[in-house]
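Next comes my_file-v1.pdb, a file with PDB, C-alpha atoms.
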ATOM      1  CA  MET K   1      79.149 174.767  75.041
ATOM      2  CA  LYS K   2      80.509 177.148  72.435
ATOM      3  CA  TYR K   3      83.197 176.207  69.914
ATOM      4  CA  ASN K   4      85.531 177.987  67.550
ATOM      5  CA  ILE K   5      85.609 176.778  63.968
ATOM      6  CA  TYR K   6      89.002 177.111  62.285
ATOM      7  CA  GLY K   7      88.308 177.468  58.579
ATOM      8  CA  SER K   8      85.490 179.193  56.752
ATOM      9  CA  ARG K   9      85.441 177.364  53.445
ATOM     10  CA  ASP K  10      83.976 174.129  52.100
ATOM     11  CA  SER K  11      85.017 171.823  54.960
ATOM     12  CA  ALA K  12      83.566 174.203  57.550
ATOM     13  CA  VAL K  13      80.274 174.445  55.660
ATOM     14  CA  LEU K  14      80.044 170.647  55.365
ATOM     15  CA  PHE K  15      80.800 170.279  59.066
ATOM     16  CA  LEU K  16      78.072 172.768  59.983
ATOM     17  CA  LEU K  17      75.512 171.078  57.733
ATOM     18  CA  LYS K  18      76.073 167.844  59.672
ATOM     19  CA  ASN K  19      76.198 169.604  63.064
ATOM     20  CA  LYS K  20      73.445 172.216  62.883
ATOM     21  CA  ASN K  21      72.918 172.390  66.643
ATOM     22  CA  ILE K  22      76.482 173.293  67.524
ATOM     23  CA  GLU K  23      76.914 176.651  69.218
ATOM     24  CA  ILE K  24      79.622 178.672  67.500
ATOM     25  CA  ASN K  25      81.733 181.293  69.222
ATOM     26  CA  LYS K  26      83.820 182.513  66.277
ATOM     27  CA  PHE K  27      85.252 181.372  62.986
ATOM     28  CA  ILE K  28      89.017 181.632  62.674
ATOM     29  CA  ASP K  29      90.786 181.743  59.341
ATOM     30  CA  GLY K  30      94.533 181.825  58.814
ATOM     31  CA  LYS K  31      94.120 182.942  55.202
ATOM     32  CA  ILE K  32      92.541 186.343  55.884
ATOM     33  CA  SER K  33      94.080 189.539  57.265
ATOM     34  CA  GLN K  34      90.974 191.453  58.403
ATOM     35  CA  LYS K  35      87.939 190.613  60.507
ATOM     36  CA  SER K  36      84.905 189.757  58.372
ATOM     37  CA  LEU K  37      81.476 188.131  58.541
ATOM     38  CA  ILE K  38      80.314 184.776  57.242
ATOM     39  CA  ASN K  39      76.643 184.079  56.568
ATOM     40  CA  PHE K  40      74.877 180.716  56.632
ATOM     41  CA  ASN K  41      71.263 179.909  55.936
ATOM     42  CA  PHE K  42      70.023 176.893  57.926
ATOM     43  CA  ALA K  43      66.431 175.904  57.195
ATOM     44  CA  ASP K  44      65.689 179.458  56.082
ATOM     45  CA  GLN K  45      67.162 180.877  59.286
ATOM     46  CA  PRO K  46      70.058 183.144  58.344
ATOM     47  CA  ARG K  47      72.970 183.286  60.763
ATOM     48  CA  SER K  48      76.000 185.551  60.685
ATOM     49  CA  TYR K  49      79.280 184.877  62.459
ATOM     50  CA  ASP K  50      82.472 186.837  62.982
ATOM     51  CA  VAL K  51      85.524 185.502  61.177
ATOM     52  CA  LEU K  52      88.778 186.456  62.858
ATOM     53  CA  PRO K  53      92.215 186.363  61.292
ATOM     54  CA  LEU K  54      94.508 184.011  63.194
ATOM     55  CA  LYS K  55      96.647 186.904  64.466
ATOM     56  CA  TYR K  56      93.613 188.334  66.345
ATOM     57  CA  ALA K  57      92.225 185.005  67.596
ATOM     58  CA  GLN K  58      94.714 183.957  70.280
ATOM     59  CA  LYS K  59      92.391 184.843  73.172
ATOM     60  CA  GLU K  60      89.481 182.965  71.545
ATOM     61  CA  LEU K  61      91.662 179.918  70.817
ATOM     62  CA  LYS K  62      92.644 179.634  74.469
ATOM     63  CA  LYS K  63      89.139 180.230  75.804
ATOM     64  CA  PHE K  64      87.070 177.937  73.540
ATOM     65  CA  TYR K  65      87.675 174.444  72.139
ATOM     66  CA  THR K  66      88.458 174.702  68.425
ATOM     67  CA  ILE K  67      87.252 172.399  65.667
ATOM     68  CA  VAL K  68      89.622 172.509  62.703
ATOM     69  CA  ALA K  69      87.375 172.203  59.659
ATOM     70  CA  THR K  70      89.913 172.050  56.855
ATOM     71  CA  SER K  71      91.124 169.481  54.371
ATOM     72  CA  GLY K  72      93.325 166.709  55.749
ATOM     73  CA  ASN K  73      96.443 168.232  54.221
ATOM     74  CA  ALA K  74      95.685 171.720  55.557
ATOM     75  CA  TYR K  75      95.059 170.220  59.004
ATOM     76  CA  TRP K  76      98.762 169.429  59.417
ATOM     77  CA  GLU K  77      99.710 173.055  58.766
ATOM     78  CA  VAL K  78      97.043 174.353  61.158
ATOM     79  CA  LYS K  79      98.026 171.760  63.776
ATOM     80  CA  ASN K  80     101.648 172.954  63.681
ATOM     81  CA  ILE K  81     100.585 176.601  63.997
ATOM     82  CA  LEU K  82      98.278 175.922  66.934
ATOM     83  CA  GLU K  83     100.881 173.797  68.725
ATOM     84  CA  LYS K  84     103.449 176.602  68.323
ATOM     85  CA  MET K  85     100.903 178.839  70.071
ATOM     86  CA  GLY K  86     100.947 176.419  73.029
ATOM     87  CA  LEU K  87      97.684 174.612  72.248
ATOM     88  CA  VAL K  88      97.416 170.831  72.585
ATOM     89  CA  GLU K  89      95.633 168.532  70.156
ATOM     90  CA  PHE K  90      92.522 166.862  71.680
ATOM     91  CA  GLU K  91      92.714 169.213  74.674
ATOM     92  CA  ASN K  92      92.309 172.551  72.878
ATOM     93  CA  PHE K  93      91.561 171.564  69.281
ATOM     94  CA  GLU K  94      90.951 168.652  66.936
ATOM     95  CA  PHE K  95      90.193 167.745  63.338
ATOM     96  CA  TYR K  96      86.508 168.023  62.476
ATOM     97  CA  GLY K  97      86.403 164.402  61.317
ATOM     98  CA  THR K  98      87.017 163.155  64.869
ATOM     99  CA  PHE K  99      84.875 165.704  66.732
ATOM    100  CA  LYS K 100      82.350 164.071  69.124
ATOM    101  CA  LYS K 101      83.251 160.589  67.860
ATOM    102  CA  LYS K 102      83.660 157.738  70.311
ATOM    103  CA  PHE K 103      86.436 156.130  68.289
ATOM    104  CA  ILE K 104      89.179 157.478  66.102
ATOM    105  CA  SER K 105      89.959 155.484  62.992
ATOM    106  CA  VAL K 106      93.259 155.656  61.191
ATOM    107  CA  THR K 107      93.588 154.661  57.556
ATOM    108  CA  TYR K 108      97.110 153.386  57.171
ATOM    109  CA  GLY K 109      97.804 151.939  53.780
ATOM    110  CA  ASN K 110      98.118 152.780  50.132
ATOM    111  CA  CYS K 111      95.467 154.696  48.216
ATOM    112  CA  ASN K 112      93.286 151.550  47.993
ATOM    113  CA  ALA K 113      92.688 151.646  51.757
ATOM    114  CA  PHE K 114      91.059 155.049  51.356
ATOM    115  CA  GLY K 115      88.327 153.540  49.190
ATOM    116  CA  VAL K 116      87.481 151.209  52.068
ATOM    117  CA  ARG K 117      87.463 154.201  54.435
ATOM    118  CA  ASP K 118      85.028 156.078  52.201
ATOM    119  CA  LEU K 119      82.799 153.024  51.927
ATOM    120  CA  LEU K 120      82.695 152.700  55.726
ATOM    121  CA  LEU K 121      81.905 156.397  56.151
ATOM    122  CA  SER K 122      78.972 156.092  53.769
ATOM    123  CA  ASN K 123      77.264 153.948  56.434
ATOM    124  CA  ASN K 124      75.459 156.331  58.814
ATOM    125  CA  ARG K 125      75.672 153.985  61.821
ATOM    126  CA  PHE K 126      79.418 153.660  61.348
ATOM    127  CA  ALA K 127      79.912 157.405  60.798
ATOM    128  CA  GLU K 128      78.052 158.240  64.022
ATOM    129  CA  LYS K 129      80.680 156.479  66.158
ATOM    130  CA  TYR K 130      83.893 156.602  64.125
ATOM    131  CA  GLY K 131      85.897 159.568  62.920
ATOM    132  CA  PHE K 132      88.958 159.352  60.692
ATOM    133  CA  TYR K 133      92.186 161.057  61.674
ATOM    134  CA  PRO K 134      93.789 162.740  58.622
ATOM    135  CA  VAL K 135      96.680 160.454  57.720
ATOM    136  CA  GLU K 136      98.049 160.402  54.178
ATOM    137  CA  PRO K 137      98.446 157.212  52.088
ATOM    138  CA  ILE K 138     101.716 155.377  52.782
ATOM    139  CA  CYS K 139     103.057 156.309  49.381
ATOM    140  CA  GLU K 140     103.128 159.863  50.816
ATOM    141  CA  LEU K 141     103.727 159.224  54.516
ATOM    142  CA  ASN K 142     106.364 161.199  56.333
ATOM    143  CA  ASN K 143     107.105 162.137  59.927
ATOM    144  CA  ARG K 144     104.157 164.580  60.114
ATOM    145  CA  SER K 145     101.695 161.798  59.328
ATOM    146  CA  THR K 146     102.089 159.875  62.565
ATOM    147  CA  PRO K 147      98.870 160.014  64.596
ATOM    148  CA  PRO K 148      99.103 161.151  68.223
ATOM    149  CA  TYR K 149      98.630 158.202  70.567
ATOM    150  CA  LYS K 150      98.583 159.264  74.186
ATOM    151  CA  ASN K 151      99.034 156.303  76.512
ATOM    152  CA  GLY K 152      98.884 153.931  73.565
ATOM    153  CA  CYS K 153      95.954 153.282  71.302
ATOM    154  CA  PRO K 154      94.252 149.901  71.648
ATOM    155  CA  MET K 155      93.496 148.357  68.291
ATOM    156  CA  LEU K 156      89.913 147.189  68.260
ATOM    157  CA  PHE K 157      90.062 145.460  64.880
ATOM    158  CA  TRP K 158      91.803 145.751  61.571
ATOM    159  CA  ILE K 159      90.013 145.810  58.242
ATOM    160  CA  SER K 160      91.945 146.317  55.046
ATOM    161  CA  ALA K 161      94.633 148.504  56.576
ATOM    162  CA  ILE K 162      92.323 150.594  58.757
ATOM    163  CA  TYR K 163      92.935 150.766  62.512
ATOM    164  CA  PHE K 164      90.182 151.608  64.959
ATOM    165  CA  CYS K 165      91.214 153.157  68.256
ATOM    166  CA  THR K 166      89.443 154.529  71.293
ATOM    167  CA  LYS K 167      89.677 158.279  71.625
ATOM    168  CA  THR K 168      92.118 159.236  74.388
TER     169      THR K 168
END
As structure tokens:
Amino acid sequence: MKYNIYGSRDSAVLFLLKNKNIEINKFIDGKISQKSLINFNFADQPRSYDVLPLKYAQKELKKFYTIVATSGNAYWEVKNILEKMGLVEFENFEFYGTFKKKFISVTYGNCNAFGVRDLLLSNNRFAEKYGFYPVEPICELNNRSTPPYKNGCPMLFWISAIYFCTKT
């Protein structure tokens, strides 16, 4: 299966380093105005991919599932743009941190809870199954920081203000 990658900067590169076998259709970038190329070198095998500006990517966004490889804060902006285009989160696109994860984890707490999240993610066995949805610390929470729970989200367990939910 081919995927679009929204973003062509640091987060996208990190995602690709961890997912070398993923088949990429196109890169999409809302910060550029002209089509360009992006080059990666995996194990001395150079690969080049088209990078489309968002305004030229509507057909690709509807045809291929899109992984949004951006920072957590930028994800909210991209999410709003894609939803205005008629795309649906988890049906047409999702944050790269939850891609191919069995469970979605939500860090809901002050900035101290994020240290626990990072500690959990440093464990490879944990990181294979759990992906974190990009929610801001409660000192910064607002209406855009509410995670999407379709048909409810069963809480599996709660550790230091982190919720673990099955992916719906």
task = Let me know the residues the PyMOL selection byres ((chain K and resi 31) around 9) catches in the file above, as number ranges by chain.
result = K: 7, 29-30, 32-33, 53-54
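Across K:Gly131, K:Leu87, K:Phe15, K:Gln34, the tightest approach to Thr107 in chain K is made by K:Gly131 when counting all atoms listed in the file.
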request  = Write out as a ChimeraX atom specification which residues come within 12 Å of Ile28 in chain K when counting all atoms listed in the file, dropping same-chain ones fewer than 6 positions away.
outcome  = /K:3-9,12,34-38,49-61,64-70,78,82
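The nearest approach to Lys62 in chain K among the residues K:Tyr133, K:Phe99, K:Phe93, K:Phe114, with all atoms listed in the file taken into account, belongs to K:Phe93.
Pairwise distance (CA of Arg47 in chain K, CA of Ile24 in chain K) equals 10.5 Å.
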